[in-house]
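Trainee: I'd like to ask some things about the structure below.
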Amino acid sequence: MTLISVINEVCDIVSLDRFDSVYGSNDPNAQTMVALAQEAGEEISRRGDWQRMLKQHVVLALPLSLPADYQRLTPGGAIRTATGSFFRPITNSSQWAVIAAAAPAQPYFFIRDNQIHLSPASAGVGAVIDYVARNWVLGDPFEERDTLKADDDRPLFAERLLTKGILWRWKRQKGLPYDDSLAEFEAELIQEINADRGAS
């Protein structure tokens with residue numbers, strides 16, 4: 001499904017006329033739907049580690065600037081050496097100063113100023129970083145980005161989540177009861193996250 005088909009599906013549910021085009025439209029309802037789609041898509045993309053948004057990056061030099069599409073590291077062992085040992089995270093700059101000076105046998109990583117620092121440096125070159133990209137929109141031709149820009153844009157997760165995410169937001173904005181729609185969205189989100197992980 002595309003952005004226009006998702007929004008038209010919501011229109012069918014809330015008794016609005018379908019749109020021929022929504023992106024760039026002057027129609028206030030179309031503009032609202034696109035804004036709600038962007039908001040819903042951003043939330044959905046952050047709440048799951050969607051397979052189509054998982055990326056890898058190989059370290060060639062240190063420190064490594066975070067990839068342009070970086071959102072967050074994947075949970076549990078996101079950085080590993082070329083030989084398969086995991087880097088352990090350090091989240092405190094004082095601890096990192098001690099670790100970096102000691103160059104321990106156990107590899108560690110620290111993220112600061114949009115850069116990943118690895119210690120010991122000798123274990124860093126060739127390391128693999130697994131991360132979740134922030135780009136959740138698939139444009140044409142195969143352009144991944146984090147912003148809706150066209151009627152034929154597609155999400156990189158199950159489209160029905162976007163439909164349900166727009167629907168409850170629309171109802172809330174219009175002052176209509178939306179608790180049931182929100183509950184359906186939440187239940188569907190959990191189901192889709194599990195299905196995407198192969199857990200259902």
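Ligands are numbered from 1 in the order shown, residues from 1 within each chain, and chains are lettered A, B, ... in the order they appear in the structure tokens.
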DSSP on the backbone, then: every residue of segment 37-163 of chain A marked strand (DSSP E), written as number ranges by chain.
Mentor: A: 54-58, 64-65, 70-73, 79-80, 88-90, 108-112, 115-119, 128-133, 137-138, 144-145, 154-155
Trainee: Selection from above, N, CA and C atoms, as an mmCIF file, in the first residue's frame, can you write it?
Mentor:
data_model
loop_
_atom_site.group_PDB
_atom_site.id
_atom_site.type_symbol
_atom_site.label_atom_id
_atom_site.label_comp_id
_atom_site.auth_asym_id
_atom_site.auth_seq_id
_atom_site.Cartn_x
_atom_site.Cartn_y
_atom_site.Cartn_z
ATOM 1 N N LEU A 54 16.945 -2.748 9.638
ATOM 2 C CA LEU A 54 18.203 -3.176 10.247
ATOM 3 C C LEU A 54 19.336 -2.994 9.251
ATOM 4 N N LYS A 55 20.417 -2.386 9.698
ATOM 5 C CA LYS A 55 21.573 -2.106 8.834
ATOM 6 C C LYS A 55 22.856 -2.552 9.522
ATOM 7 N N GLN A 56 23.905 -2.708 8.724
ATOM 8 C CA GLN A 56 25.236 -3.012 9.244
ATOM 9 C C GLN A 56 26.228 -2.020 8.674
ATOM 10 N N HIS A 57 27.259 -1.754 9.461
ATOM 11 C CA HIS A 57 28.331 -0.866 9.006
ATOM 12 C C HIS A 57 29.651 -1.467 9.481
ATOM 13 N N VAL A 58 30.626 -1.529 8.582
ATOM 14 C CA VAL A 58 31.946 -2.056 8.927
ATOM 15 C C VAL A 58 32.872 -0.884 9.222
ATOM 16 N N LEU A 64 34.617 6.427 14.529
ATOM 17 C CA LEU A 64 33.683 6.282 13.415
ATOM 18 C C LEU A 64 32.514 7.231 13.591
ATOM 19 N N SER A 65 32.262 8.088 12.604
ATOM 20 C CA SER A 65 31.062 8.925 12.628
ATOM 21 C C SER A 65 29.848 8.029 12.431
ATOM 22 N N TYR A 70 21.471 6.556 10.998
ATOM 23 C CA TYR A 70 21.506 5.917 12.314
ATOM 24 C C TYR A 70 20.383 6.424 13.217
ATOM 25 N N GLN A 71 19.651 5.475 13.836
ATOM 26 C CA GLN A 71 18.670 5.824 14.859
ATOM 27 C C GLN A 71 19.138 5.330 16.224
ATOM 28 N N ARG A 72 19.490 4.042 16.293
ATOM 29 C CA ARG A 72 19.963 3.449 17.544
ATOM 30 C C ARG A 72 20.647 2.118 17.242
ATOM 31 N N LEU A 73 21.455 1.657 18.180
ATOM 32 C CA LEU A 73 22.073 0.343 18.058
ATOM 33 C C LEU A 73 21.020 -0.735 18.281
ATOM 34 N N ILE A 79 27.792 -4.305 18.558
ATOM 35 C CA ILE A 79 29.109 -4.081 17.951
ATOM 36 C C ILE A 79 29.993 -5.272 18.282
ATOM 37 N N ARG A 80 30.596 -5.855 17.237
ATOM 38 C CA ARG A 80 31.459 -7.015 17.451
ATOM 39 C C ARG A 80 32.725 -6.885 16.627
ATOM 40 N N ARG A 88 31.653 -4.250 24.751
ATOM 41 C CA ARG A 88 30.750 -3.917 25.849
ATOM 42 C C ARG A 88 30.557 -2.403 25.874
ATOM 43 N N PRO A 89 29.340 -1.946 26.192
ATOM 44 C CA PRO A 89 29.085 -0.496 26.184
ATOM 45 C C PRO A 89 29.595 0.204 27.438
ATOM 46 N N ILE A 90 30.067 1.412 27.249
ATOM 47 C CA ILE A 90 30.400 2.342 28.333
ATOM 48 C C ILE A 90 29.525 3.569 28.101
ATOM 49 N N TYR A 108 35.613 -2.519 24.359
ATOM 50 C CA TYR A 108 34.561 -1.629 24.834
ATOM 51 C C TYR A 108 34.251 -0.588 23.759
ATOM 52 N N PHE A 109 33.022 -0.026 23.847
ATOM 53 C CA PHE A 109 32.686 1.091 22.962
ATOM 54 C C PHE A 109 32.007 2.196 23.756
ATOM 55 N N PHE A 110 32.089 3.390 23.188
ATOM 56 C CA PHE A 110 31.506 4.584 23.806
ATOM 57 C C PHE A 110 31.035 5.485 22.676
ATOM 58 N N ILE A 111 29.822 6.037 22.805
ATOM 59 C CA ILE A 111 29.290 6.951 21.792
ATOM 60 C C ILE A 111 29.287 8.361 22.362
ATOM 61 N N ARG A 112 29.945 9.275 21.639
ATOM 62 C CA ARG A 112 30.010 10.675 22.061
ATOM 63 C C ARG A 112 30.119 11.551 20.821
ATOM 64 N N GLN A 115 29.866 10.077 17.350
ATOM 65 C CA GLN A 115 30.949 9.191 16.932
ATOM 66 C C GLN A 115 30.992 7.979 17.855
ATOM 67 N N ILE A 116 31.372 6.838 17.280
ATOM 68 C CA ILE A 116 31.578 5.626 18.056
ATOM 69 C C ILE A 116 33.075 5.470 18.269
ATOM 70 N N HIS A 117 33.456 5.342 19.527
ATOM 71 C CA HIS A 117 34.853 5.137 19.905
ATOM 72 C C HIS A 117 34.992 3.688 20.359
ATOM 73 N N LEU A 118 36.049 3.017 19.930
ATOM 74 C CA LEU A 118 36.279 1.618 20.275
ATOM 75 C C LEU A 118 37.635 1.478 20.953
ATOM 76 N N SER A 119 37.684 0.607 21.955
ATOM 77 C CA SER A 119 38.946 0.327 22.629
ATOM 78 C C SER A 119 39.006 -1.165 22.945
ATOM 79 N N VAL A 128 32.056 -4.827 13.187
ATOM 80 C CA VAL A 128 30.750 -4.701 12.533
ATOM 81 C C VAL A 128 29.763 -4.097 13.521
ATOM 82 N N ILE A 129 29.046 -3.077 13.069
ATOM 83 C CA ILE A 129 28.048 -2.399 13.893
ATOM 84 C C ILE A 129 26.668 -2.691 13.318
ATOM 85 N N ASP A 130 25.811 -3.251 14.146
ATOM 86 C CA ASP A 130 24.418 -3.494 13.765
ATOM 87 C C ASP A 130 23.567 -2.388 14.368
ATOM 88 N N TYR A 131 22.775 -1.735 13.522
ATOM 89 C CA TYR A 131 21.954 -0.636 14.020
ATOM 90 C C TYR A 131 20.603 -0.604 13.317
ATOM 91 N N VAL A 132 19.685 0.134 13.924
ATOM 92 C CA VAL A 132 18.365 0.354 13.334
ATOM 93 C C VAL A 132 18.401 1.727 12.674
ATOM 94 N N ALA A 133 18.054 1.770 11.402
ATOM 95 C CA ALA A 133 18.042 3.036 10.665
ATOM 96 C C ALA A 133 16.796 3.832 11.021
ATOM 97 N N VAL A 137 10.577 5.214 5.364
ATOM 98 C CA VAL A 137 9.812 5.452 4.137
ATOM 99 C C VAL A 137 10.596 4.928 2.942
ATOM 100 N N LEU A 138 9.912 4.183 2.075
ATOM 101 C CA LEU A 138 10.502 3.733 0.822
ATOM 102 C C LEU A 138 9.882 4.545 -0.304
ATOM 103 N N GLU A 144 15.328 5.272 0.481
ATOM 104 C CA GLU A 144 14.894 5.170 1.867
ATOM 105 C C GLU A 144 15.130 6.504 2.551
ATOM 106 N N ARG A 145 14.101 6.977 3.291
ATOM 107 C CA ARG A 145 14.204 8.254 4.003
ATOM 108 C C ARG A 145 13.261 8.237 5.195
ATOM 109 N N ARG A 154 5.933 4.343 0.527
ATOM 110 C CA ARG A 154 5.496 3.144 1.259
ATOM 111 C C ARG A 154 6.279 3.026 2.565
ATOM 112 N N PRO A 155 5.647 2.535 3.625
ATOM 113 C CA PRO A 155 6.404 2.308 4.862
ATOM 114 C C PRO A 155 7.212 1.013 4.774
#
Trainee: Skipping near chain neighbours, those fewer than 5 positions away, what residues fall within 12 Å of Glu192 of chain A using only C-alpha atoms, listed as an MDAnalysis selection string?
Mentor: chainID A and resid 44:45 47:51 157:162 185:187 197:200
Trainee: Which residue, A:Gly84, A:Pro67, A:Gly77, A:Gly165, has the smallest gap to Ala127 of chain A when you use only C-alpha atoms?
Mentor: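 Of A:Gly84, A:Pro67, A:Gly77, A:Gly165, the one nearest Ala127 of chain A, counting only C-alpha atoms, is A:Gly84.
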Trainee: Do a neighbour search on segment 13-19 of chain A at 9 Å with only C-alpha atoms, toss out local chain neighbours closer than 6 positions, and write the hits as a ChimeraX atom specification.
Mentor: /A:4,7,29-30,167,170-171
Trainee: Which one of A:Ala102, A:Gln38, A:Gly126, A:Thr2 sits closest to Leu148 of chain A if you count only C-alpha atoms?
Mentor: A:Gln38
Trainee: Using only C-alpha atoms, which of A:Asp196, A:Glu188, A:Asp153, A:Ala103 sits nearest Val22 of chain A?
Mentor: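 Between A:Asp196, A:Glu188, A:Asp153, A:Ala103, the residue approaching Val22 of chain A most closely is A:Asp153.
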Trainee: By how many Å are atom CA of Ala82 of chain A and atom CA of Ala121 of chain A apart?
Mentor: 12.4 Å
Trainee: Write out as a ChimeraX atom specification the set of residues from segment 21-155 of chain A that DSSP, computed on the backbone, places in helix (DSSP H, G or I).
Mentor: /A:28-47,51-53,93-102,121-124
Trainee: Choose the residue, out of A:Gln31, A:Ser122, A:Ser181, A:Asn26, that has the smallest atom-to-atom separation from Arg169 of chain A; count only C-alpha atoms.
Mentor: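 Of A:Gln31, A:Ser122, A:Ser181, A:Asn26, the one nearest Arg169 of chain A, counting only C-alpha atoms, is A:Ser181.
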Trainee: Atom CA of Glu9 of chain A to atom CA of Thr163 of chain A: how many Å, to one decimal?
Mentor: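 Interatomic distance, atom CA of Glu9 of chain A to atom CA of Thr163 of chain A: 7.1 Å.
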Trainee: Please, what distance in Å, to one decimal, runs between atom CA of Thr81 of chain A and atom CA of Gln106 of chain A?
Mentor: 10.7 Å
Trainee: With only C-alpha atoms as the basis for distance, which of A:Gly41, A:Pro120, A:Gly139, A:Gly76 is at the shortest distance from Ala100 of chain A?
Mentor: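 Among the listed residues, the smallest separation from Ala100 of chain A belongs to A:Pro120.
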Trainee: Restricting the calculation to only C-alpha atoms, which member of A:Ser93, A:Pro177, A:Trp168, A:Asp140 is positioned closest to Ala37 of chain A?
Mentor: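 Looking only at the distances to Ala37 of chain A, the closest residue turns out to be A:Trp168.
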